[in-house]
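**Q** One structure follows; several queries about it will come next.
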Amino acid sequence: MDTGNFWNVILWSFWFFIWIAALMVWFRCLIDMFGDHTLSGWAKAGWVILLVFVPWLGALIYLIARGRSMTERSMKAVAEQQAAQQQYIQQVAGKSASPAAQIADAKALLDSGAINQTEFDSLKTKALA
């Protein structure tokens, strides 16, 4: 194998990695900008012009100017998502419903014919446990 070809492949791989990383930063800046509800429409338009026409420099300026608030918005979104997930888990697990509500739901299923008497008794026992 020719040594020149090996180094060309290494150099090409390096520049490809840099290009992919730059695209990820650029898209992250766009996503953050459009997700920020405190930024006015004119400010968003200005950032879009900068990010589209001078992408490398625009992304660098965006990260310097709004990097700290970008992190805060990201952390806030993660906390909200975790809280929503926890609420959903509790709802699905049936922790939030009282035993009376669970029995009433089971009775409605029994009356509609979706479950039989044995299944109703099982759900009632589980709700009272």
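Chain labels follow the order of the structure tokens: the first chain is A, the next B, and so on; residue numbering restarts at 1 in every chain, and ligands are counted from 1 in their shown order.
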For Lys126 of chain A, work out the shell of residues within 12 Å, counting only C-alpha atoms and skipping chain neighbours fewer than 6 positions away, then give it as number ranges by chain.

**A** A: 94, 98-100, 102-103, 106, 119-120

**Q** Can you pull out every residue within 10 Å of segment 17-29 of chain A, counting only C-alpha atoms, but drop anything in the same chain fewer than 4 positions away, and send it as an MDAnalysis selection string?

**A** chainID A and resid 11:13 33:35 47:48 51:52 55:56 58:60 62:63 66:67 70

**Q** Got a sec: who's within 12 Å of Ala108 of chain A, counting only C-alpha atoms, leaving out chain neighbours fewer than 6 positions off, as a VMD selection string?

**A** chain A and resid 101 to 102 114 to 117 120 123
